[in-house]
$ cat model_25.cif   # mmCIF, C-alpha atoms
data_work
loop_
_atom_site.label_atom_id
_atom_site.label_comp_id
_atom_site.auth_asym_id
_atom_site.auth_seq_id
_atom_site.Cartn_x
_atom_site.Cartn_y
_atom_site.Cartn_z
CA PRO A 92 127.62 21.32 -81.87
CA PHE A 93 126.98 17.79 -80.65
CA LYS A 94 128.97 15.25 -82.67
CA ILE A 95 127.65 11.87 -83.79
CA GLY A 96 130.21 9.81 -85.64
CA GLY A 97 132.01 12.94 -86.78
CA LEU A 98 128.80 14.66 -87.93
CA ASP A 99 127.87 17.98 -86.34
CA LEU A 100 124.39 18.40 -84.89
CA PRO A 101 123.75 22.11 -84.22
CA MET A 102 121.90 22.41 -80.90
CA VAL A 103 120.66 25.80 -79.71
CA THR A 104 119.07 26.67 -76.38
CA PHE A 105 117.17 29.95 -76.47
CA GLU A 106 116.92 31.27 -72.91
CA GLY A 107 114.87 34.41 -73.55
CA ARG A 108 111.10 34.87 -73.78
CA PHE A 109 109.13 32.24 -75.69
CA GLU A 110 107.78 34.78 -78.19
CA ASP A 111 111.30 36.02 -78.94
CA GLY A 112 112.51 32.44 -79.37
CA VAL A 113 109.76 31.72 -81.90
CA SER A 114 110.71 34.86 -83.84
CA ARG A 115 114.40 33.91 -83.81
CA LEU A 116 113.67 30.37 -85.00
CA ALA A 117 111.53 31.65 -87.88
CA GLN A 118 114.32 34.00 -88.97
CA LEU A 119 116.91 31.20 -88.82
CA LEU A 120 114.76 28.86 -90.91
CA LEU A 121 114.04 31.49 -93.57
CA GLY A 122 117.70 32.52 -93.67
CA HIS A 123 118.91 28.93 -94.08
CA PHE A 124 116.30 27.42 -96.40
CA GLY A 125 115.38 30.57 -98.34
CA PRO A 126 112.02 31.86 -99.61
CA GLU A 127 111.19 28.46 -101.14
CA LEU A 128 110.78 27.11 -97.60
CA TYR A 129 107.56 25.13 -97.10
CA PRO A 130 107.29 24.48 -93.34
CA VAL A 131 105.37 21.43 -92.16
CA VAL A 132 104.90 22.05 -88.45
CA ALA A 133 104.04 18.84 -86.60
CA VAL A 134 102.92 18.90 -82.97
CA GLY A 135 101.16 16.62 -80.49
CA GLU A 136 97.82 17.35 -78.85
CA THR A 137 99.23 18.97 -75.70
CA GLY A 138 101.77 21.09 -77.56
CA ASP A 139 99.03 22.18 -79.94
CA ALA A 140 96.79 23.20 -77.03
CA LEU A 141 99.64 25.27 -75.56
CA GLY A 142 100.21 26.98 -78.92
CA TYR A 143 103.77 25.75 -79.34
CA GLY A 144 103.23 24.59 -82.93
CA SER A 145 100.79 27.18 -84.24
CA ASP A 146 102.90 30.06 -82.95
CA ILE A 147 105.85 28.83 -85.02
CA LEU A 148 103.80 28.39 -88.18
CA ASP A 149 102.19 31.81 -87.68
CA ALA A 150 105.65 33.40 -87.37
CA LEU A 151 106.82 31.72 -90.59
CA THR A 152 103.62 32.67 -92.40
CA GLY A 153 104.23 36.26 -91.33
CA LEU A 154 107.60 36.07 -93.09
CA GLY A 155 105.96 34.91 -96.29
CA CYS A 156 106.42 31.16 -95.80
CA SER A 157 103.00 29.57 -95.59
CA GLY A 158 102.92 25.84 -94.91
CA HIS A 159 101.05 22.88 -93.47
CA TYR A 160 100.00 22.26 -89.85
CA PHE A 161 99.85 18.66 -88.65
CA THR A 162 98.61 17.51 -85.23
CA HIS A 163 98.83 13.99 -83.88
CA ALA A 164 97.91 11.99 -80.79
CA SER A 165 100.45 12.11 -77.97
CA GLY A 166 102.10 9.13 -76.29
CA GLU A 167 104.19 6.02 -77.01
CA SER A 168 101.13 3.86 -77.78
CA PHE A 169 100.40 6.07 -80.82
CA LYS A 170 103.93 5.75 -82.22
CA ARG A 171 102.78 3.84 -85.29
CA PRO A 172 102.88 4.65 -89.02
CA ASP A 173 99.12 5.02 -89.58
CA GLU A 174 98.94 7.86 -87.03
CA TYR A 175 101.50 9.93 -88.91
CA GLY A 176 101.67 8.88 -92.56
CA THR A 177 98.27 10.38 -93.35
CA PRO A 178 97.14 11.18 -96.91
CA GLU A 179 96.79 14.86 -95.97
CA LEU A 180 100.36 15.12 -94.67
CA LEU A 181 101.96 13.15 -97.51
CA GLY A 182 99.82 15.02 -100.04
CA ALA A 183 100.99 18.38 -98.68
CA LEU A 184 104.64 17.29 -98.96
CA ALA A 185 104.15 16.05 -102.53
CA ALA A 186 102.29 19.20 -103.61
CA ALA A 187 105.01 21.41 -102.15
CA LYS A 188 107.71 19.58 -104.09
CA LYS A 189 105.68 19.74 -107.27
CA ALA A 190 105.30 23.50 -106.83
CA GLY A 191 109.05 23.96 -106.44
CA ARG A 192 108.91 24.62 -102.71
CA ARG A 193 111.40 23.20 -100.22
CA PRO A 194 109.52 21.13 -97.61
CA VAL A 195 110.98 21.16 -94.11
CA ILE A 196 109.35 19.23 -91.29
CA VAL A 197 109.51 21.12 -88.00
CA ALA A 198 108.87 18.63 -85.18
CA VAL A 199 107.62 20.44 -82.07
CA GLY A 200 107.13 18.40 -78.90
CA GLY A 201 108.50 15.33 -77.13
CA GLY A 202 110.62 12.40 -78.19
CA VAL A 203 107.77 10.49 -79.87
CA ASN A 204 107.12 13.53 -82.05
CA GLY A 205 110.79 13.82 -83.03
CA ASN A 206 111.20 10.10 -83.75
CA THR A 207 108.12 9.71 -85.90
CA MET A 208 108.36 12.95 -87.84
CA GLY A 209 112.06 12.33 -88.44
CA THR A 210 111.11 9.04 -90.07
CA ILE A 211 108.53 10.79 -92.26
CA ALA A 212 111.11 13.44 -93.22
CA ALA A 213 113.63 10.75 -94.18
CA LEU A 214 111.10 8.82 -96.29
CA ALA A 215 109.89 12.01 -98.00
CA GLY A 216 113.35 13.47 -98.55
CA ALA A 217 112.37 16.60 -96.62
CA GLY A 218 114.44 18.88 -94.46
CA PHE A 219 114.14 18.24 -90.75
CA VAL A 220 114.28 20.54 -87.71
CA GLU A 221 113.47 19.55 -84.13
CA VAL A 222 112.02 21.92 -81.53
CA PRO A 223 112.04 19.85 -78.31
CA THR A 224 109.67 20.87 -75.52
CA THR A 225 110.74 18.12 -73.11
CA LEU A 226 114.07 17.23 -71.52
CA MET A 227 113.88 13.68 -72.86
CA HIS A 228 113.42 14.89 -76.42
CA TYR A 229 116.24 17.42 -76.14
CA ASN A 230 118.77 15.17 -74.44
CA ASP A 231 117.94 11.71 -75.73
CA ALA A 232 115.80 11.62 -78.88
CA THR A 233 117.57 14.40 -80.80
CA THR A 234 121.10 13.14 -80.14
CA SER A 235 120.53 9.46 -80.97
CA ALA A 236 120.22 10.03 -84.76
CA LYS A 237 117.74 7.13 -84.74
CA LYS A 238 114.20 7.92 -85.92
CA ALA A 239 111.59 5.17 -85.80
CA PHE A 240 108.06 3.86 -85.38
CA SER A 241 107.10 1.08 -82.98
CA LEU A 242 105.02 -2.04 -83.59
CA VAL A 243 101.79 -1.22 -81.78
CA VAL A 244 98.77 -3.54 -81.93
CA GLY A 245 95.55 -2.83 -80.07
CA GLY A 246 97.21 -0.11 -78.05
CA ARG A 247 99.98 -2.46 -76.87
CA ILE A 248 103.63 -1.85 -77.76
CA LEU A 249 104.92 -5.22 -79.00
CA SER A 250 108.29 -3.94 -80.20
CA LYS A 251 109.67 -0.45 -79.71
CA ASN A 252 111.43 1.49 -82.49
CA ILE A 253 111.37 -1.49 -84.86
CA LEU A 254 110.78 0.41 -88.12
CA GLY A 255 113.01 3.38 -88.74
CA THR A 256 116.10 5.02 -90.12
CA PHE A 257 119.03 7.22 -89.15
CA TYR A 258 118.34 10.84 -90.01
CA LEU A 259 119.97 13.81 -88.33
CA PRO A 260 118.03 17.07 -87.98
CA GLN A 261 119.66 20.10 -89.54
CA LEU A 262 118.93 22.06 -86.38
CA VAL A 263 117.73 21.42 -82.83
CA PHE A 264 116.26 24.61 -81.40
CA CYS A 265 115.02 24.51 -77.82
CA ILE A 266 113.15 27.42 -76.23
CA SER A 267 113.78 26.84 -72.53
CA GLU A 268 110.53 28.46 -71.35
CA THR A 269 108.66 25.44 -72.73
CA PHE A 270 110.16 23.43 -69.85
CA LEU A 271 107.95 25.45 -67.49
CA THR A 272 104.94 23.46 -68.72
CA LEU A 273 106.49 20.01 -68.29
CA SER A 274 104.83 17.37 -66.13
CA SER A 275 106.69 16.28 -63.01
CA CYS A 276 106.78 12.67 -64.27
CA SER A 277 108.60 13.90 -67.40
CA ILE A 278 111.30 15.45 -65.19
CA HIS A 279 111.67 12.19 -63.25
CA ALA A 280 111.99 10.24 -66.51
CA ALA A 281 114.68 12.60 -67.78
CA VAL A 282 116.70 12.18 -64.58
CA GLY A 283 116.44 8.40 -64.90
CA GLU A 284 117.61 8.49 -68.51
CA ALA A 285 120.45 10.86 -67.66
CA ALA A 286 121.61 8.74 -64.73
CA LYS A 287 121.52 5.61 -66.87
CA THR A 288 123.62 7.18 -69.62
CA MET A 289 126.04 8.79 -67.19
CA SER A 290 126.48 5.55 -65.24
CA MET A 291 127.31 3.66 -68.39
CA LEU A 292 129.65 6.15 -70.02
CA GLY A 293 130.93 7.71 -66.82
CA LYS A 294 133.29 4.80 -66.36
CA ALA A 295 134.47 4.71 -69.96
CA SER A 296 137.53 6.88 -69.35
CA SER A 297 138.85 4.58 -66.61
CA GLN A 298 140.80 1.37 -67.10
CA TRP A 299 137.83 -0.72 -65.92
CA GLY A 300 135.34 1.27 -67.93
CA GLN A 301 137.33 0.88 -71.12
CA ALA A 302 137.37 -2.87 -70.56
CA ASP A 303 133.64 -3.03 -69.80
CA PHE A 304 132.55 -0.76 -72.64
CA HIS A 305 135.22 -1.42 -75.25
CA ASN A 306 132.52 -2.06 -77.86
CA ILE A 307 131.00 1.43 -77.56
CA ARG A 308 132.59 3.57 -80.25
CA GLY A 309 133.64 6.93 -78.82
CA ALA A 310 132.73 5.97 -75.24
CA ALA A 311 135.84 7.59 -73.79
CA GLU A 312 135.17 10.78 -75.75
CA PHE A 313 131.70 11.11 -74.22
CA ALA A 314 132.70 9.97 -70.73
CA SER A 315 130.80 11.82 -68.02
CA ASP A 316 130.24 11.66 -64.28
CA PHE A 317 126.71 10.62 -63.34
CA THR A 318 127.26 11.86 -59.79
CA ASP A 319 127.13 15.43 -61.13
CA ILE A 320 123.37 15.20 -61.31
CA ALA A 321 123.17 14.34 -57.61
CA GLY A 322 124.75 17.70 -56.86
CA THR A 323 121.80 19.48 -58.46
CA VAL A 324 119.09 17.81 -56.40
CA SER A 325 117.90 21.13 -54.94
CA GLY A 326 117.25 22.45 -58.46
CA PHE A 327 115.39 19.26 -59.32
CA GLU A 328 113.19 19.59 -56.23
CA ARG A 329 112.53 23.28 -56.82
CA LEU A 330 111.52 22.62 -60.42
CA ILE A 331 109.12 19.86 -59.33
CA LEU A 332 107.57 22.18 -56.73
CA PHE A 333 107.20 24.95 -59.31
CA LEU A 334 105.49 22.63 -61.79
CA GLU A 335 103.09 21.41 -59.11
CA SER A 336 102.28 24.96 -57.95
CA THR A 337 101.51 26.17 -61.49
CA LEU A 338 99.67 23.06 -62.67
CA GLY A 339 96.34 24.89 -62.48
CA LEU A 340 97.56 27.60 -64.85
CA LYS A 341 98.90 24.99 -67.27
CA GLU A 342 95.61 23.09 -67.27
CA GLN A 343 93.73 26.35 -67.81
CA ALA A 344 95.92 27.22 -70.80
CA ILE A 345 95.37 23.73 -72.25
CA ARG A 346 91.57 24.04 -71.86
CA GLU A 347 91.66 27.41 -73.60
CA GLY A 348 93.88 26.00 -76.35
CA ARG A 349 91.55 23.07 -76.98
CA ALA A 350 88.57 25.43 -77.12
CA LEU A 351 90.52 27.51 -79.64
CA ARG A 352 91.22 24.43 -81.77
CA GLU A 353 87.52 23.49 -81.74
CA ALA A 354 86.56 27.04 -82.70
CA ARG A 355 89.01 27.03 -85.62
CA ASP A 356 87.82 23.61 -86.78
CA LYS A 357 84.25 24.92 -86.80
CA VAL A 358 85.39 28.05 -88.67
CA ALA A 359 84.32 30.33 -85.84
CA SER A 360 84.49 34.10 -86.16
CA GLU A 361 87.90 35.76 -86.06
CA ALA A 362 86.83 37.71 -82.99
CA GLU A 363 85.93 34.54 -81.07
CA ALA A 364 89.20 32.83 -82.02
CA ALA A 365 91.21 35.94 -81.13
CA ALA A 366 89.54 36.15 -77.71
CA LEU A 367 90.38 32.51 -76.94
CA ALA A 368 93.97 33.00 -78.12
CA ASP A 369 94.30 36.08 -75.88
CA ARG A 370 93.02 34.15 -72.86
CA ARG A 371 95.50 31.32 -73.47
CA ARG A 372 98.30 33.81 -73.93
CA ALA A 373 97.38 35.50 -70.63
CA SER A 374 97.40 32.17 -68.76
CA LEU A 375 100.84 31.27 -70.12
CA ARG A 376 102.14 34.75 -69.38
CA GLU A 377 101.00 34.39 -65.75
CA LEU A 378 102.62 30.96 -65.51
CA ARG A 379 105.95 32.21 -66.86
CA SER A 380 105.80 35.25 -64.62
CA ALA A 381 105.47 32.92 -61.63
CA PHE A 382 108.95 31.63 -62.52
CA HIS A 383 110.67 34.87 -63.51
CA ASP A 384 109.11 37.12 -60.85
CA GLY A 385 107.79 34.69 -58.23
CA LEU A 386 110.92 32.66 -57.48
CA SER A 387 114.03 33.87 -55.71
CA GLU A 388 117.25 34.27 -57.68
CA ASP A 389 118.73 31.34 -55.77
CA ALA A 390 115.80 29.12 -56.73
CA LYS A 391 116.02 30.08 -60.40
CA GLN A 392 119.78 29.53 -60.47
CA ASP A 393 119.35 26.10 -58.85
CA ILE A 394 116.78 25.10 -61.47
CA MET A 395 118.94 26.36 -64.35
CA ARG A 396 121.95 24.51 -62.96
CA PHE A 397 119.93 21.28 -62.80
CA LEU A 398 118.77 21.70 -66.41
CA THR A 399 122.28 22.61 -67.57
CA VAL A 400 123.89 19.56 -65.94
CA VAL A 401 121.31 17.25 -67.54
CA ASN A 402 121.91 18.91 -70.93
CA GLU A 403 125.69 18.93 -70.77
CA GLU A 404 126.23 15.46 -69.28
CA VAL A 405 123.83 13.65 -71.59
#

$ encode --input "model_25.cif" --output "structure tokens"
Amino acid sequence: PFKIGGLDLPMVTFEGRFEDGVSRLAQLLLGHFGPELYPVVAVGETGDALGYGSDILDALTGLGCSGHYFTHASGESFKRPDEYGTPELLGALAAAKKAGRRPVIVAVGGGVNGNTMGTIAALAGAGFVEVPTTLMHYNDATTSAKKAFSLVVGGRILSKNILGTFYLPQLVFCISETFLTLSSCSIHAAVGEAAKTMSMLGKASSQWGQADFHNIRGAAEFASDFTDIAGTVSGFERLILFLESTLGLKEQAIREGRALREARDKVASEAEAAALADRRRASLRELRSAFHDGLSEDAKQDIMRFLTVVNEEV
């Protein structure tokens, strides 16, 4: 468990197949919250197209826990209350409570998703679980305890994270195969964030660091060495090359996912929707196979070491 001010934050990394991870998460949620569980699965546009949110809700529905599916625009410029506090979402939460169900918001996606949906969960008094699909969400947004909206006017961010609360998720469950569909810029951003944090706290255990960062509570406890990440540069480079080489498969899966969403919105036939879902599944299976079967063991170990150092140090 990660500790924030003495509070435990259970963080789980599932390193098996994505489908098995979804099944495991659904079992954990049902086992913890019970049959009264009312899952509200929230996911951004890209995660929705890749099936990351709908697969989780389908698994929970299969266990007898039907719920609500909420999609939102992706990106920092949409991190504002009116994009998330919709009448449909708030109405679903209220109806679930009235019916004696136990609403739990399951935030699937990046840091913006976790921040905003955590704020909604806090305001609604709902349970909260985060399923990060980016390194930044897993290593930064989940562990900060801060959940917030920004002040965004006309698409411009005037003040970031100005309206929010502190609300810890009851579980952070990361399925590592989702990192195989990251963008290369997301990896670069995660390295920058990790290096910044490590540089600041990495000195906290020294005499000079304790003097410089005396006002950071627990700084010495979390002291780390930011140079560790430099030792994993080969894994970083190999991951970037993998993402670039499989970008076509990712884009194909996203196109198929968006076509599937349009078909479902138009109430297309079950056969048409099933065919689109199968095509997306095949594209993602080919992409994941390119990692598991197409890379050498050395390359895979380098990539896993890079991801592990980022996770552990941050």

$ closest_residue --input "model_25.cif" --among "A:Gly153, A:Gly245, A:Gly218, A:Gly138" --to "Ala117 of chain A" --atoms "all atoms listed in the file"
A:Gly153

$ resolve_selection --input "model_25.cif" --expression "the PyMOL selection byres ((chain A and resi 398) around 10)" --output "ChimeraX atom specification"
/A:226,267,270,278,282,320,323,326-327,330,392-397,399-403

$ resolve_selection --input "model_25.cif" --expression "the PyMOL selection byres ((chain A and resi 371) around 9)" --output "list in words"
Ala140, Leu141, Gly142, Gln343, Ala344, Ile345, Arg346, Glu347, Gly348, Leu351, Ala366, Leu367, Ala368, Asp369, Arg370, Arg372, Ala373, Ser374, Leu375 and Arg376 of chain A

$ write_last_selection --input "model_25.cif" --atoms "C-alpha atoms" --output "short mmCIF file (atom, residue, chain, number, x, y, z; two decimals), keeping the file's coordinate frame"
data_model
loop_
_atom_site.label_atom_id
_atom_site.label_comp_id
_atom_site.auth_asym_id
_atom_site.auth_seq_id
_atom_site.Cartn_x
_atom_site.Cartn_y
_atom_site.Cartn_z
CA ALA A 140 96.79 23.20 -77.03
CA LEU A 141 99.64 25.27 -75.56
CA GLY A 142 100.21 26.98 -78.92
CA GLN A 343 93.73 26.35 -67.81
CA ALA A 344 95.92 27.22 -70.80
CA ILE A 345 95.37 23.73 -72.25
CA ARG A 346 91.57 24.04 -71.86
CA GLU A 347 91.66 27.41 -73.60
CA GLY A 348 93.88 26.00 -76.35
CA LEU A 351 90.52 27.51 -79.64
CA ALA A 366 89.54 36.15 -77.71
CA LEU A 367 90.38 32.51 -76.94
CA ALA A 368 93.97 33.00 -78.12
CA ASP A 369 94.30 36.08 -75.88
CA ARG A 370 93.02 34.15 -72.86
CA ARG A 372 98.30 33.81 -73.93
CA ALA A 373 97.38 35.50 -70.63
CA SER A 374 97.40 32.17 -68.76
CA LEU A 375 100.84 31.27 -70.12
CA ARG A 376 102.14 34.75 -69.38
#

$ closest_residue --input "model_25.cif" --among "A:Arg171, A:His228, A:Thr162, A:Thr177" --to "Leu249 of chain A" --atoms "only C-alpha atoms"
A:Arg171

$ closest_residue --input "model_25.cif" --among "A:Leu271, A:Leu259, A:Ala133, A:Ala281" --to "Asn230 of chain A" --atoms "all atoms listed in the file"
A:Ala281

$ residues_around --input "model_25.cif" --residues "segment 104-112 of chain A" --least-positions-apart "4" --cutoff "7 Å" --atoms "all atoms listed in the file" --output "ChimeraX atom specification"
/A:116,264-268

$ residues_around --input "model_25.cif" --residues "segment 199-209 of chain A" --least-positions-apart "2" --cutoff "7 Å" --atoms "only C-alpha atoms" --output "count of residues only"
25

$ atom_distance --input "model_25.cif" --atom1 "atom CA of Val113 of chain A" --atom2 "atom CA of Pro126 of chain A"
17.9 Å

$ resolve_selection --input "model_25.cif" --expression "the PyMOL selection byres ((chain A and resi 192) around 9)" --output "PyMOL selection string"
chain A and resi 126-129+186-191+193-194

$ closest_residue --input "model_25.cif" --among "A:Glu136, A:Glu179, A:Leu148, A:Leu214" --to "Ala164 of chain A" --atoms "all atoms listed in the file"
A:Glu136

$ closest_residue --input "model_25.cif" --among "A:Ala280, A:Leu151, A:Leu332, A:Leu100" --to "Gln261 of chain A" --atoms "all atoms listed in the file"
A:Leu100

$ closest_residue --input "model_25.cif" --among "A:Ala362, A:Val263, A:Leu273, A:Ala286" --to "Leu378 of chain A" --atoms "all atoms listed in the file"
A:Leu273

$ atom_distance --input "model_25.cif" --atom1 "atom CA of Phe382 of chain A" --atom2 "atom CA of Val324 of chain A"
18.2 Å
